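S.K.: Contents are CSV, C-alpha atoms and all ligand atoms; file name target_24.csv:
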```csv
chain,number,residue,atom,x,y,z
B,3,MET,CA,-87.0,47.3,9.5
B,4,THR,CA,-83.9,47.3,7.4
B,5,THR,CA,-84.9,44.5,5.1
B,6,ILE,CA,-84.1,45.1,1.5
B,7,SER,CA,-86.2,43.5,-1.1
B,8,LEU,CA,-85.0,40.5,-3.1
B,9,SER,CA,-83.6,41.0,-6.5
B,10,PRO,CA,-85.4,38.9,-9.1
B,11,ALA,CA,-82.3,39.0,-11.2
B,12,GLY,CA,-80.1,37.6,-8.5
B,13,ARG,CA,-82.6,34.9,-7.7
B,14,THR,CA,-83.0,33.8,-11.3
B,15,CYS,CA,-79.3,33.4,-11.6
B,16,LEU,CA,-79.1,31.1,-8.6
B,17,GLN,CA,-82.2,29.2,-9.5
B,18,ALA,CA,-80.8,28.5,-13.0
B,19,GLY,CA,-78.0,26.6,-11.2
B,20,ALA,CA,-75.2,28.9,-11.9
B,21,GLU,CA,-72.2,27.8,-10.0
B,22,VAL,CA,-71.4,29.9,-7.0
B,23,ARG,CA,-67.7,29.4,-6.0
B,24,GLY,CA,-67.2,29.7,-2.3
B,25,GLY,CA,-68.6,32.8,-0.5
B,26,PHE,CA,-67.4,35.2,-3.2
B,27,GLY,CA,-70.5,34.4,-5.3
B,28,ILE,CA,-68.5,34.3,-8.5
B,29,GLN,CA,-70.1,32.6,-11.5
B,30,GLU,CA,-68.0,30.5,-13.8
B,31,SER,CA,-68.0,33.4,-16.3
B,32,GLY,CA,-66.5,35.6,-13.6
B,33,SER,CA,-69.5,37.9,-13.1
B,34,LYS,CA,-70.7,38.4,-9.6
B,35,VAL,CA,-73.9,36.6,-8.4
B,36,LYS,CA,-76.1,38.7,-6.2
B,37,ARG,CA,-76.6,36.9,-2.8
B,38,THR,CA,-79.0,37.6,0.0
B,39,ILE,CA,-77.3,38.0,3.4
B,40,LEU,CA,-79.6,37.9,6.4
B,41,VAL,CA,-78.5,39.3,9.7
B,42,VAL,CA,-80.6,38.1,12.7
B,43,GLY,CA,-80.1,40.4,15.6
B,44,ALA,CA,-79.4,43.4,13.3
B,45,LYS,CA,-80.4,46.1,15.9
B,46,GLY,CA,-78.1,45.0,18.7
B,47,MET,CA,-74.7,46.5,19.5
B,48,LEU,CA,-72.7,44.4,17.0
B,49,GLY,CA,-75.6,44.0,14.6
B,50,THR,CA,-76.0,47.7,13.9
B,51,ASP,CA,-72.3,48.1,13.0
B,52,LEU,CA,-72.4,44.9,11.0
B,53,MET,CA,-75.3,46.0,8.9
B,54,GLU,CA,-73.4,49.2,8.0
B,55,VAL,CA,-70.3,47.3,7.1
B,56,LEU,CA,-72.1,44.7,5.1
B,57,HIS,CA,-74.0,47.4,3.1
B,58,SER,CA,-70.8,49.1,2.2
B,59,SER,CA,-68.5,46.1,1.7
B,60,THR,CA,-70.8,43.8,-0.2
B,61,PRO,CA,-72.5,46.3,-2.6
B,62,GLY,CA,-73.5,43.6,-5.0
B,63,ASP,CA,-75.4,41.7,-2.4
B,64,GLU,CA,-78.8,42.2,-0.8
B,65,VAL,CA,-78.5,42.7,3.0
B,66,ALA,CA,-81.5,42.0,5.1
B,67,GLY,CA,-81.6,42.8,8.8
B,68,TRP,CA,-84.1,41.5,11.3
B,69,ASP,CA,-84.4,41.8,15.1
B,70,ILE,CA,-86.9,40.7,17.7
B,71,GLU,CA,-89.7,42.8,16.1
B,72,GLU,CA,-89.4,40.9,12.9
B,73,ILE,CA,-88.4,37.4,14.1
B,74,ASP,CA,-88.5,35.8,17.5
B,75,VAL,CA,-85.9,33.0,17.3
B,76,GLU,CA,-87.5,31.3,20.3
B,77,LYS,CA,-90.4,30.3,18.1
B,78,GLU,CA,-89.4,27.5,15.8
B,79,GLU,CA,-92.2,27.5,13.3
B,80,GLY,CA,-92.2,31.3,12.7
B,81,THR,CA,-88.4,31.5,12.5
B,82,VAL,CA,-88.0,28.7,10.0
B,83,ALA,CA,-91.0,29.8,7.8
B,84,LYS,CA,-89.8,33.5,7.7
B,85,ILE,CA,-86.2,32.6,6.8
B,86,GLU,CA,-87.3,30.0,4.3
B,87,LYS,CA,-89.4,32.6,2.6
B,88,LEU,CA,-86.5,34.9,2.2
B,89,ARG,CA,-84.2,32.1,1.1
B,90,PRO,CA,-80.9,33.8,1.9
B,91,GLU,CA,-77.5,32.4,0.8
B,92,ILE,CA,-75.9,33.5,4.1
B,93,VAL,CA,-77.5,33.8,7.6
B,94,VAL,CA,-75.5,35.7,10.2
B,95,HIS,CA,-77.0,34.8,13.6
B,96,ILE,CA,-76.1,37.5,16.2
B,97,ALA,CA,-79.3,37.6,18.2
B,98,ALA,CA,-78.8,36.4,21.7
B,99,TYR,CA,-79.8,36.9,25.4
B,100,THR,CA,-76.6,38.6,26.3
B,101,ASP,CA,-77.3,39.6,30.0
B,102,VAL,CA,-74.6,37.3,31.5
B,103,ASP,CA,-75.8,37.8,35.1
B,104,GLY,CA,-79.5,37.7,34.0
B,105,CYS,CA,-78.9,34.3,32.4
B,106,GLU,CA,-78.0,32.9,35.9
B,107,SER,CA,-81.5,33.7,37.3
B,108,ASN,CA,-83.3,33.0,34.0
B,109,LYS,CA,-81.7,29.8,32.8
B,110,GLU,CA,-84.8,28.8,30.9
B,111,LYS,CA,-84.7,32.0,28.8
B,112,ALA,CA,-81.0,31.7,28.2
B,113,PHE,CA,-81.3,28.3,26.7
B,114,ALA,CA,-84.6,29.2,24.9
B,115,VAL,CA,-82.9,32.1,23.1
B,116,ASN,CA,-79.2,31.1,22.9
B,117,GLY,CA,-79.6,27.3,22.6
B,118,GLU,CA,-83.0,26.5,21.0
B,119,GLY,CA,-83.2,29.8,19.2
B,120,THR,CA,-79.9,29.1,17.5
B,121,LYS,CA,-81.2,25.6,16.6
B,122,HIS,CA,-84.3,27.2,14.9
B,123,VAL,CA,-82.1,29.5,12.9
B,124,ALA,CA,-79.7,26.6,12.0
B,125,LEU,CA,-82.7,24.5,10.9
B,126,ALA,CA,-83.8,27.3,8.6
B,127,ALA,CA,-80.3,27.8,7.2
B,128,SER,CA,-80.0,24.1,6.5
B,129,LYS,CA,-83.4,24.0,4.7
B,130,CYS,CA,-82.2,26.9,2.5
B,131,HIS,CA,-78.8,25.3,2.0
B,132,ALA,CA,-77.4,28.6,3.3
B,133,LYS,CA,-74.1,29.3,5.0
B,134,MET,CA,-74.6,30.1,8.7
B,135,VAL,CA,-72.4,32.5,10.6
B,136,TYR,CA,-72.8,32.3,14.4
B,137,LEU,CA,-71.4,34.7,17.0
B,138,SER,CA,-70.2,33.0,20.1
B,139,THR,CA,-68.1,33.9,23.1
B,140,ASP,CA,-64.9,33.5,25.2
B,141,TYR,CA,-67.2,32.5,28.0
B,142,VAL,CA,-67.4,29.0,26.6
B,143,PHE,CA,-64.0,28.6,28.2
B,144,ASP,CA,-63.2,28.1,31.9
B,145,GLY,CA,-60.2,30.4,32.1
B,146,ASP,CA,-57.9,27.8,33.7
B,147,LYS,CA,-55.4,28.2,30.8
B,148,ARG,CA,-52.8,30.9,31.1
B,149,GLU,CA,-52.2,31.4,27.4
B,150,PRO,CA,-54.6,32.4,24.6
B,151,TYR,CA,-57.3,29.8,23.8
B,152,SER,CA,-57.2,28.3,20.4
B,153,GLU,CA,-60.1,27.1,18.3
B,154,SER,CA,-59.2,23.5,19.1
B,155,ASP,CA,-59.2,23.9,22.9
B,156,SER,CA,-62.1,22.2,24.7
B,157,PRO,CA,-64.8,24.4,25.9
B,158,HIS,CA,-65.9,24.2,29.5
B,159,PRO,CA,-68.2,27.1,30.4
B,160,LEU,CA,-68.5,28.3,34.0
B,161,ASN,CA,-71.8,30.2,33.7
B,162,VAL,CA,-75.2,29.7,32.2
B,163,TYR,CA,-74.6,32.3,29.4
B,164,GLY,CA,-71.5,30.3,28.3
B,165,GLU,CA,-73.4,27.0,28.5
B,166,SER,CA,-76.3,28.3,26.5
B,167,LYS,CA,-74.0,29.8,23.8
B,168,LEU,CA,-72.0,26.5,23.6
B,169,LYS,CA,-75.3,24.7,23.1
B,170,GLY,CA,-75.9,27.1,20.2
B,171,GLU,CA,-72.5,26.2,18.8
B,172,GLN,CA,-73.3,22.5,19.0
B,173,TYR,CA,-76.6,22.9,17.1
B,174,VAL,CA,-74.8,24.9,14.4
B,175,GLN,CA,-72.1,22.3,14.0
B,176,THR,CA,-74.6,19.5,13.9
B,177,LEU,CA,-77.3,21.0,11.7
B,178,VAL,CA,-75.5,23.1,9.2
B,179,LYS,CA,-73.1,21.8,6.5
B,180,ASP,CA,-71.4,25.1,5.8
B,181,PHE,CA,-70.9,27.0,9.1
B,182,LEU,CA,-68.7,29.6,10.5
B,183,ILE,CA,-68.6,30.1,14.3
B,184,ILE,CA,-66.9,33.3,15.4
B,185,ARG,CA,-66.0,33.5,19.1
B,186,THR,CA,-65.3,37.0,20.3
B,187,GLN,CA,-65.1,38.9,23.6
B,188,TRP,CA,-65.5,42.0,25.7
B,189,LEU,CA,-67.4,44.0,23.1
B,190,TYR,CA,-68.0,47.7,23.1
B,191,GLY,CA,-69.2,50.2,20.5
B,192,PRO,CA,-71.7,53.0,20.0
B,193,PHE,CA,-74.9,51.0,19.7
B,194,GLY,CA,-75.4,49.3,23.1
B,195,LYS,CA,-74.7,49.3,26.8
B,196,ASN,CA,-71.2,48.1,27.5
B,197,PHE,CA,-68.2,48.5,29.8
B,198,VAL,CA,-67.0,51.7,28.1
B,199,SER,CA,-70.4,53.4,28.3
B,200,SER,CA,-70.8,52.2,31.9
B,201,ILE,CA,-67.4,53.7,32.9
B,202,LEU,CA,-68.2,57.0,31.2
B,203,GLN,CA,-71.6,57.1,33.0
B,204,GLN,CA,-70.1,56.4,36.4
B,205,ALA,CA,-67.2,58.8,35.8
B,206,ARG,CA,-69.8,61.6,35.4
B,207,GLY,CA,-71.1,61.2,38.9
B,208,GLN,CA,-68.4,59.5,41.0
B,209,SER,CA,-64.9,60.4,42.1
B,210,ALA,CA,-63.8,56.7,42.6
B,211,LEU,CA,-64.5,53.6,40.7
B,212,CYS,CA,-63.8,50.0,41.9
B,213,ILE,CA,-63.0,47.7,38.9
B,214,VAL,CA,-62.2,44.0,38.8
B,215,ASP,CA,-58.5,43.3,38.3
B,216,ASP,CA,-58.4,39.5,38.2
B,217,GLN,CA,-60.1,38.8,34.9
B,218,THR,CA,-58.0,39.1,31.7
B,219,GLY,CA,-59.2,39.4,28.2
B,220,SER,CA,-59.1,41.5,25.0
B,221,PRO,CA,-61.5,44.4,24.7
B,222,THR,CA,-63.0,44.4,21.2
B,223,TYR,CA,-64.4,47.3,19.2
B,224,THR,CA,-67.6,46.3,17.4
B,225,ALA,CA,-66.6,48.3,14.3
B,226,ASP,CA,-63.4,46.2,14.0
B,227,LEU,CA,-65.2,43.0,14.6
B,228,ALA,CA,-67.9,43.8,12.0
B,229,LYS,CA,-65.2,44.4,9.4
B,230,ALA,CA,-63.5,41.1,10.3
B,231,ILE,CA,-66.9,39.3,10.0
B,232,SER,CA,-67.5,40.8,6.6
B,233,LYS,CA,-63.9,39.7,5.5
B,234,LEU,CA,-64.4,36.2,6.8
B,235,ILE,CA,-67.7,36.0,4.8
B,236,GLN,CA,-65.9,37.2,1.7
B,237,PHE,CA,-63.1,34.6,2.3
B,238,ASP,CA,-65.8,31.9,2.6
B,239,ALA,CA,-64.2,30.9,5.9
B,240,ARG,CA,-65.5,27.7,7.5
B,241,GLY,CA,-65.3,26.2,11.0
B,242,ILE,CA,-64.4,28.0,14.2
B,243,PHE,CA,-62.5,31.3,14.3
B,244,HIS,CA,-61.5,33.4,17.3
B,245,VAL,CA,-61.7,37.2,16.5
B,246,ALA,CA,-60.8,39.9,19.0
B,247,ASN,CA,-58.6,43.0,19.1
B,248,SER,CA,-55.0,42.1,19.9
B,249,GLY,CA,-53.3,42.6,23.3
B,250,VAL,CA,-54.6,41.8,26.7
B,251,CYS,CA,-55.7,43.6,29.9
B,252,THR,CA,-57.8,43.3,32.9
B,253,TRP,CA,-61.1,45.2,33.3
B,254,TYR,CA,-59.2,47.5,35.8
B,255,THR,CA,-56.5,48.3,33.2
B,256,PHE,CA,-59.2,48.8,30.5
B,257,GLY,CA,-61.1,51.2,32.8
B,258,GLN,CA,-57.9,53.1,33.7
B,259,THR,CA,-57.0,53.4,30.0
B,260,ILE,CA,-60.5,54.8,29.1
B,261,LEU,CA,-60.1,57.5,31.6
B,262,LYS,CA,-56.5,58.2,30.7
B,263,PHE,CA,-57.3,58.6,27.0
B,264,LEU,CA,-60.1,61.0,27.8
B,265,GLY,CA,-57.8,63.0,30.1
B,266,ILE,CA,-60.0,62.4,33.1
B,267,ASN,CA,-57.6,62.2,36.1
B,268,ARG,CA,-60.0,63.4,38.9
B,269,VAL,CA,-61.5,59.8,39.1
B,270,LYS,CA,-59.6,57.3,41.2
B,271,VAL,CA,-59.6,53.8,40.0
B,272,ILE,CA,-59.4,51.1,42.6
B,273,PRO,CA,-58.6,47.5,41.7
B,274,ILE,CA,-60.9,44.8,43.3
B,275,SER,CA,-61.3,41.1,43.0
B,276,SER,CA,-64.2,39.3,41.3
B,277,GLY,CA,-65.1,37.9,44.8
B,278,GLU,CA,-65.4,41.5,46.1
B,279,LEU,CA,-67.7,42.5,43.3
B,280,GLY,CA,-69.9,39.4,43.9
B,281,ARG,CA,-71.7,39.2,40.5
B,282,PRO,CA,-74.1,36.3,40.1
B,283,ALA,CA,-72.3,34.8,37.1
B,284,VAL,CA,-68.8,33.4,37.6
B,285,ARG,CA,-66.5,34.7,34.9
B,286,PRO,CA,-63.3,33.0,33.7
B,287,PHE,CA,-60.1,34.6,35.1
B,288,TYR,CA,-58.3,34.3,31.8
B,289,SER,CA,-60.3,34.1,28.5
B,290,VAL,CA,-57.9,35.6,25.9
B,291,LEU,CA,-58.8,34.3,22.5
B,292,GLY,CA,-55.8,33.5,20.3
B,293,CYS,CA,-56.4,34.8,16.7
B,294,GLN,CA,-53.5,32.9,15.1
B,295,LYS,CA,-55.9,30.9,12.8
B,296,LEU,CA,-57.5,34.1,11.6
B,297,LYS,CA,-54.1,35.4,10.5
B,298,GLU,CA,-52.9,32.1,9.0
B,299,GLU,CA,-56.0,31.3,7.0
B,300,THR,CA,-57.1,34.8,5.9
B,301,GLY,CA,-54.0,37.1,6.4
B,302,LEU,CA,-56.2,39.3,8.7
B,303,THR,CA,-54.7,40.7,11.9
B,304,MET,CA,-56.7,42.6,14.5
B,305,ARG,CA,-55.2,45.9,15.7
B,306,PRO,CA,-54.3,46.4,19.4
B,307,TRP,CA,-57.3,47.0,21.6
B,308,SER,CA,-55.8,50.3,22.9
B,309,GLU,CA,-55.6,51.7,19.4
B,310,ALA,CA,-59.2,50.7,18.6
B,311,LEU,CA,-60.3,52.2,21.9
B,312,LYS,CA,-58.5,55.5,21.1
B,313,ASP,CA,-60.4,55.7,17.8
B,314,TYR,CA,-63.7,54.9,19.4
B,315,LEU,CA,-63.3,57.5,22.2
B,316,LYS,CA,-62.6,60.2,19.6
B,317,THR,CA,-66.1,59.8,18.4
B,318,LEU,CA,-67.6,60.5,21.9
B,319,ASN,CA,-68.2,63.6,24.0
B,320,PRO,CA,-66.2,63.3,27.2
B,321,PRO,CA,-68.3,63.2,30.4
B,322,SER,CA,-68.7,66.5,32.2
B,323,PRO,CA,-67.2,66.6,35.7
B,324,PRO,CA,-69.4,66.1,38.8
B,325,GLN,CA,-70.5,69.3,40.5
B,326,GLY,CA,-67.8,70.9,42.6
B,327,GLN,CA,-65.0,69.0,41.0
B,328,GLY,CA,-62.6,69.9,38.2
Z,401,LIG,N1,-71.3,41.8,24.1
Z,401,LIG,C1,-70.2,41.1,24.3
Z,401,LIG,O1,-69.3,41.5,25.0
Z,401,LIG,C2,-70.1,39.8,23.6
Z,401,LIG,C3,-69.0,39.0,23.8
Z,401,LIG,C4,-68.9,37.8,23.2
Z,401,LIG,C5,-69.9,37.3,22.3
Z,401,LIG,N2,-71.0,38.1,22.1
Z,401,LIG,C6,-72.0,37.6,21.1
Z,401,LIG,O2,-72.0,38.6,20.1
Z,401,LIG,C7,-73.4,38.7,19.6
Z,401,LIG,C8,-73.8,40.2,19.6
Z,401,LIG,O3,-73.6,40.7,20.9
Z,401,LIG,P1,-74.2,42.1,21.3
Z,401,LIG,O4,-73.6,42.5,22.6
Z,401,LIG,O5,-74.2,43.0,20.1
Z,401,LIG,O6,-75.7,41.7,21.6
Z,401,LIG,P2,-77.0,42.7,21.9
Z,401,LIG,O7,-76.6,44.1,21.8
Z,401,LIG,O8,-77.6,42.2,23.1
Z,401,LIG,O9,-77.9,42.3,20.6
Z,401,LIG,C9,-78.6,41.1,20.6
Z,401,LIG,C10,-79.9,41.4,19.8
Z,401,LIG,O10,-80.7,40.2,19.8
Z,401,LIG,C11,-82.0,40.5,20.1
Z,401,LIG,N3,-82.7,39.4,20.6
Z,401,LIG,C12,-82.8,39.0,21.9
Z,401,LIG,N4,-83.7,37.9,22.0
Z,401,LIG,C13,-84.1,37.7,20.7
Z,401,LIG,C14,-85.0,36.7,20.1
Z,401,LIG,N5,-85.6,35.8,20.9
Z,401,LIG,N6,-85.3,36.8,18.8
Z,401,LIG,C15,-84.7,37.7,18.0
Z,401,LIG,N7,-83.8,38.6,18.5
Z,401,LIG,C16,-83.5,38.6,19.8
Z,401,LIG,C17,-81.9,41.6,21.1
Z,401,LIG,O11,-83.1,42.4,21.2
Z,401,LIG,P3,-83.4,43.1,22.6
Z,401,LIG,O12,-82.3,44.0,22.8
Z,401,LIG,O13,-84.7,43.7,22.4
Z,401,LIG,O14,-83.4,42.0,23.6
Z,401,LIG,C18,-80.7,42.5,20.5
Z,401,LIG,O15,-81.2,43.4,19.5
Z,401,LIG,C19,-74.2,37.8,20.5
Z,401,LIG,O16,-74.5,36.6,19.9
Z,401,LIG,C20,-73.4,37.6,21.7
Z,401,LIG,O17,-73.7,36.4,22.4
Z,401,LIG,C21,-71.1,39.3,22.7
```
The structure given in the file should be rewritten as structure tokens.
M.R.:
Amino acid sequence: MTTISLSPAGRTCLQAGAEVRGGFGIQESGSKVKRTILVVGAKGMLGTDLMEVLHSSTPGDEVAGWDIEEIDVEKEEGTVAKIEKLRPEIVVHIAAYTDVDGCESNKEKAFAVNGEGTKHVALAASKCHAKMVYLSTDYVFDGDKREPYSESDSPHPLNVYGESKLKGEQYVQTLVKDFLIIRTQWLYGPFGKNFVSSILQQARGQSALCIVDDQTGSPTYTADLAKAISKLIQFDARGIFHVANSGVCTWYTFGQTILKFLGINRVKVIPISSGELGRPAVRPFYSVLGCQKLKEETGLTMRPWSEALKDYLKTLNPPSPPQGQG
């Protein structure tokens, strides 16, 4: 467990009614007030990176990280009681049932975790008068648009995962006064199974890979997203924000680029359609998230996905060739 104990000094300051201006936690005198930031879902792919970034970028704050072993968000009473006991100033809710195809066959679980689970965290945040940051997805959109989705576009999910995450968004908006919803997409990073790890694994044993070429989005590096989340918290951003690495591609181009950057040219990449792949969950054909609001309101821009990918791949060991091939 990565929980860090509360600071009595920080607590006293807040209990004494010192004014905390925005998310910067600045007292009227200008001295920084120590806040407690709780990350729920701290051991997942994004959560692990985010814990590291929050520890280094908010040194004056206490950062607590819980995952399923410490808190099961499906359970209302336990979730609310545990968060209330900690009394954080900021709750970052990242925990989710993220198996998009699994959600189709396990709709009840999808809504129990992503919908009701988020409601329980939101209730707790509201009771603590905490800011709530909620991670959501491009899959709340149907993909009919042919230009980047903005925060004001109407959601219309095509699959159970998207529906359940949208339910979570609605609970956050209804129950929490100070909320920040961050929609992101196509995540990869060192701390979880993802498209990049799957391509690398398959490239170890196969000479040809069939990859879907009719879904367009923006691959996003968890390390970049974690930094943006931390910045948005520092800016005390409120409302809905889209955050993804810039530039767009299909999964096919993404796969090709991974292999190209690693210098692997013995693996043939074959473009296929979503229909040919036949996954249980329908995905939007176009779910690019426009990040204009992020730039306008915070000055932040996300670097191109290919640049982020290059950096990430440098941290990995390239896959060894399959037997008998060079
Ligand atoms: N991955 C993507 O491409 C993507 C795209 C858009 C948005 N998002 C959103 O971004 C966030 C982070 O995604 P991620 O890929 O980093 O997720 P992840 O790796 O699956 O991490 C989610 C974490 O939540 C935990 N969890 C599951 N059920 C829980 C419960 N009932 N109570 C408490 N914890 C629970 C999981 O534990 P177990 O592993 O033990 O189940 C896991 O540690 C999620 O909210 C996701 O919806 C992800």
S.K.: If we count all atoms listed in the file, what is near Ser220 (chain B) at a cut-off of 7 Å, once residues fewer than 3 positions away on the same chain are taken out, given as a ChimeraX atom specification?
M.R.: /B:187-188,246-251,290,307
S.K.: With C-alpha atoms kept, could you save the residues just selected as an mmCIF file, keeping the file's coordinate frame?
M.R.:
```
data_model
loop_
_atom_site.group_PDB
_atom_site.id
_atom_site.type_symbol
_atom_site.label_atom_id
_atom_site.label_comp_id
_atom_site.auth_asym_id
_atom_site.auth_seq_id
_atom_site.Cartn_x
_atom_site.Cartn_y
_atom_site.Cartn_z
ATOM 1 C CA GLN B 187 -65.100 38.900 23.600
ATOM 2 C CA TRP B 188 -65.500 42.000 25.700
ATOM 3 C CA ALA B 246 -60.800 39.900 19.000
ATOM 4 C CA ASN B 247 -58.600 43.000 19.100
ATOM 5 C CA SER B 248 -55.000 42.100 19.900
ATOM 6 C CA GLY B 249 -53.300 42.600 23.300
ATOM 7 C CA VAL B 250 -54.600 41.800 26.700
ATOM 8 C CA CYS B 251 -55.700 43.600 29.900
ATOM 9 C CA VAL B 290 -57.900 35.600 25.900
ATOM 10 C CA TRP B 307 -57.300 47.000 21.600
#
```
S.K.: Using all atoms listed in the file, determine which residues fall within 9 Å of ligand LIG 401 (chain Z), then list them as a PDB file with C-alpha atoms, keeping the file's coordinate frame.
M.R.:
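New file out17.pdb:
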```pdb
ATOM      1  CA  VAL B  42     -80.600  38.100  12.700  1.00  0.00           C
ATOM      2  CA  GLY B  43     -80.100  40.400  15.600  1.00  0.00           C
ATOM      3  CA  ALA B  44     -79.400  43.400  13.300  1.00  0.00           C
ATOM      4  CA  LYS B  45     -80.400  46.100  15.900  1.00  0.00           C
ATOM      5  CA  GLY B  46     -78.100  45.000  18.700  1.00  0.00           C
ATOM      6  CA  MET B  47     -74.700  46.500  19.500  1.00  0.00           C
ATOM      7  CA  LEU B  48     -72.700  44.400  17.000  1.00  0.00           C
ATOM      8  CA  GLY B  49     -75.600  44.000  14.600  1.00  0.00           C
ATOM      9  CA  THR B  50     -76.000  47.700  13.900  1.00  0.00           C
ATOM     10  CA  ASP B  51     -72.300  48.100  13.000  1.00  0.00           C
ATOM     11  CA  TRP B  68     -84.100  41.500  11.300  1.00  0.00           C
ATOM     12  CA  ASP B  69     -84.400  41.800  15.100  1.00  0.00           C
ATOM     13  CA  ILE B  70     -86.900  40.700  17.700  1.00  0.00           C
ATOM     14  CA  GLU B  71     -89.700  42.800  16.100  1.00  0.00           C
ATOM     15  CA  GLU B  72     -89.400  40.900  12.900  1.00  0.00           C
ATOM     16  CA  ILE B  73     -88.400  37.400  14.100  1.00  0.00           C
ATOM     17  CA  ASP B  74     -88.500  35.800  17.500  1.00  0.00           C
ATOM     18  CA  VAL B  75     -85.900  33.000  17.300  1.00  0.00           C
ATOM     19  CA  GLU B  76     -87.500  31.300  20.300  1.00  0.00           C
ATOM     20  CA  LYS B  77     -90.400  30.300  18.100  1.00  0.00           C
ATOM     21  CA  THR B  81     -88.400  31.500  12.500  1.00  0.00           C
ATOM     22  CA  HIS B  95     -77.000  34.800  13.600  1.00  0.00           C
ATOM     23  CA  ILE B  96     -76.100  37.500  16.200  1.00  0.00           C
ATOM     24  CA  ALA B  97     -79.300  37.600  18.200  1.00  0.00           C
ATOM     25  CA  ALA B  98     -78.800  36.400  21.700  1.00  0.00           C
ATOM     26  CA  TYR B  99     -79.800  36.900  25.400  1.00  0.00           C
ATOM     27  CA  THR B 100     -76.600  38.600  26.300  1.00  0.00           C
ATOM     28  CA  ASP B 101     -77.300  39.600  30.000  1.00  0.00           C
ATOM     29  CA  LYS B 111     -84.700  32.000  28.800  1.00  0.00           C
ATOM     30  CA  ALA B 114     -84.600  29.200  24.900  1.00  0.00           C
ATOM     31  CA  VAL B 115     -82.900  32.100  23.100  1.00  0.00           C
ATOM     32  CA  ASN B 116     -79.200  31.100  22.900  1.00  0.00           C
ATOM     33  CA  GLY B 119     -83.200  29.800  19.200  1.00  0.00           C
ATOM     34  CA  TYR B 136     -72.800  32.300  14.400  1.00  0.00           C
ATOM     35  CA  LEU B 137     -71.400  34.700  17.000  1.00  0.00           C
ATOM     36  CA  SER B 138     -70.200  33.000  20.100  1.00  0.00           C
ATOM     37  CA  THR B 139     -68.100  33.900  23.100  1.00  0.00           C
ATOM     38  CA  ASP B 140     -64.900  33.500  25.200  1.00  0.00           C
ATOM     39  CA  TYR B 141     -67.200  32.500  28.000  1.00  0.00           C
ATOM     40  CA  TYR B 163     -74.600  32.300  29.400  1.00  0.00           C
ATOM     41  CA  GLY B 164     -71.500  30.300  28.300  1.00  0.00           C
ATOM     42  CA  LYS B 167     -74.000  29.800  23.800  1.00  0.00           C
ATOM     43  CA  ILE B 184     -66.900  33.300  15.400  1.00  0.00           C
ATOM     44  CA  ARG B 185     -66.000  33.500  19.100  1.00  0.00           C
ATOM     45  CA  THR B 186     -65.300  37.000  20.300  1.00  0.00           C
ATOM     46  CA  GLN B 187     -65.100  38.900  23.600  1.00  0.00           C
ATOM     47  CA  TRP B 188     -65.500  42.000  25.700  1.00  0.00           C
ATOM     48  CA  LEU B 189     -67.400  44.000  23.100  1.00  0.00           C
ATOM     49  CA  TYR B 190     -68.000  47.700  23.100  1.00  0.00           C
ATOM     50  CA  GLY B 191     -69.200  50.200  20.500  1.00  0.00           C
ATOM     51  CA  PHE B 193     -74.900  51.000  19.700  1.00  0.00           C
ATOM     52  CA  GLY B 194     -75.400  49.300  23.100  1.00  0.00           C
ATOM     53  CA  LYS B 195     -74.700  49.300  26.800  1.00  0.00           C
ATOM     54  CA  ASN B 196     -71.200  48.100  27.500  1.00  0.00           C
ATOM     55  CA  PHE B 197     -68.200  48.500  29.800  1.00  0.00           C
ATOM     56  CA  PRO B 221     -61.500  44.400  24.700  1.00  0.00           C
ATOM     57  CA  THR B 222     -63.000  44.400  21.200  1.00  0.00           C
ATOM     58  CA  THR B 224     -67.600  46.300  17.400  1.00  0.00           C
TER      59      THR B 224
END
```
S.K.: Please list, as a PyMOL selection string, the residues that have an atom at most 10 Å away from (-59.0, 57.4, 27.7) in the coordinates of this file, counting all atoms listed in the file.
M.R.: chain B and resi 198+202+256-267+308+311-312+314-316+320
S.K.: Please identify all polymer residues within 10 Å of Ile231 (chain B), counting only C-alpha atoms, omitting same-chain residues fewer than 5 positions from it, and present them as a count of residues only.
M.R.: 14
S.K.: Which residue out of B:Lys229, B:Pro192, B:Ser156, B:Val93 has the minimum interatomic distance to Val178 (chain B) when all atoms listed in the file are used?
M.R.: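 Nearest to Val178 (chain B): B:Val93.
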S.K.: Separation of CA of Phe143 (chain B) and CA of Asp155 (chain B), in Å?
M.R.: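 Atom-to-atom, CA of Phe143 (chain B) to CA of Asp155 (chain B), that is 8.6 Å.
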